Amino acid sequence: MTDVARASLVELLLDLEDYLLLQDILPWPEDSAEAKAVSAVQVDRFDFSGDISYAFGKQVLAEKAKFARWLDSDDPVVVANALINLCHRTLYFLRRQVDALGQRFLDEGGFKEHMRRCREEARAQVVDAPECPLCG
C-alpha cells in the first residue's frame with residue numbers, strides 16, 4: 001500500500017505543478033523564504049496508544065492548524081505551493097518507510113517465512129505424551 005500512497009502523492013504533486021504552470025507561474029524554489037517557512041514547520045510524532053481514532057483525528061487537526069497560514073490563504077498559488085511542499089515532505093517519509101520495510105524484509109523475511117517460523121516453533125513446543133507403563 002505504500003506504493004499506492006506514493007503513486008497517489010506523485011499524481012497530486014504533478015497536478016499541482018501543472019496548475020501553476022498552466023497559469024505561467026513557477027513553483028516556489030526550495031530555497032525561497034516561502035518554501036523554507038513551510039518546511040520549517042515541525043510535525044509531532046503520533047502516539048499509537050489509547051483511543052487511536054480520536055487521538056489521530058485530534059492530531060490531524062492540530063497539525064493542519066500549523067499550516068493554516070498557507071492552506072487557508074485566499075491566494076490559490078500560495079495554497080498550491082504549500083501543498084507541493086507537503087507532498088515532497090510526505091514522499092520523503094514514504095521513501096524512508098519503504099527503505100525500512102525493505103531492510104525488515106531482508107532481516108526477518110516475508111509473510112511466508114514468518115508463518116513457517118511460527119509453525120516450527122509451535123511444533124517444537126508440542127510435548128509427546130508419556131508412554132503408558134502398562135502397555136507402552
# chains A, B, ... in the order shown; residues from 1 in each chain; ligands from 1
$ closest_atom_pairs --of "region 57-80 of chain A" --to "region 2-21 of chain A" --cutoff "10 Å" --atoms "only C-alpha atoms" --output "Markdown table"
| residue | atom | partner | partner_atom | distance |
| --- | --- | --- | --- | --- |
| A:Pro76 | CA | A:Leu20 | CA | 9.3 |
| A:Val77 | CA | A:Leu20 | CA | 7.0 |
| A:Val79 | CA | A:Leu16 | CA | 9.6 |
| A:Ala80 | CA | A:Leu16 | CA | 5.9 |
$ residues_around --residues "Ala82 (chain A)" --least-positions-apart "6" --cutoff "8 Å" --atoms "only C-alpha atoms" --output "ChimeraX atom specification"
/A:35,38,70-71
$ write_last_selection --atoms "C-alpha atoms" --output "PDB file, in the first residue's frame"
ATOM      1  CA  ALA A  35       9.248  27.285   0.876  1.00  0.00           C
ATOM      2  CA  VAL A  38       6.607  25.777   5.194  1.00  0.00           C
ATOM      3  CA  TRP A  70      -0.732  28.831   3.784  1.00  0.00           C
ATOM      4  CA  LEU A  71      -3.557  26.324   3.364  1.00  0.00           C
TER       5      LEU A  71
END
$ atom_distance --atom1 "CA of Cys118 (chain A)" --atom2 "CA of Gln97 (chain A)"
25.4 Å
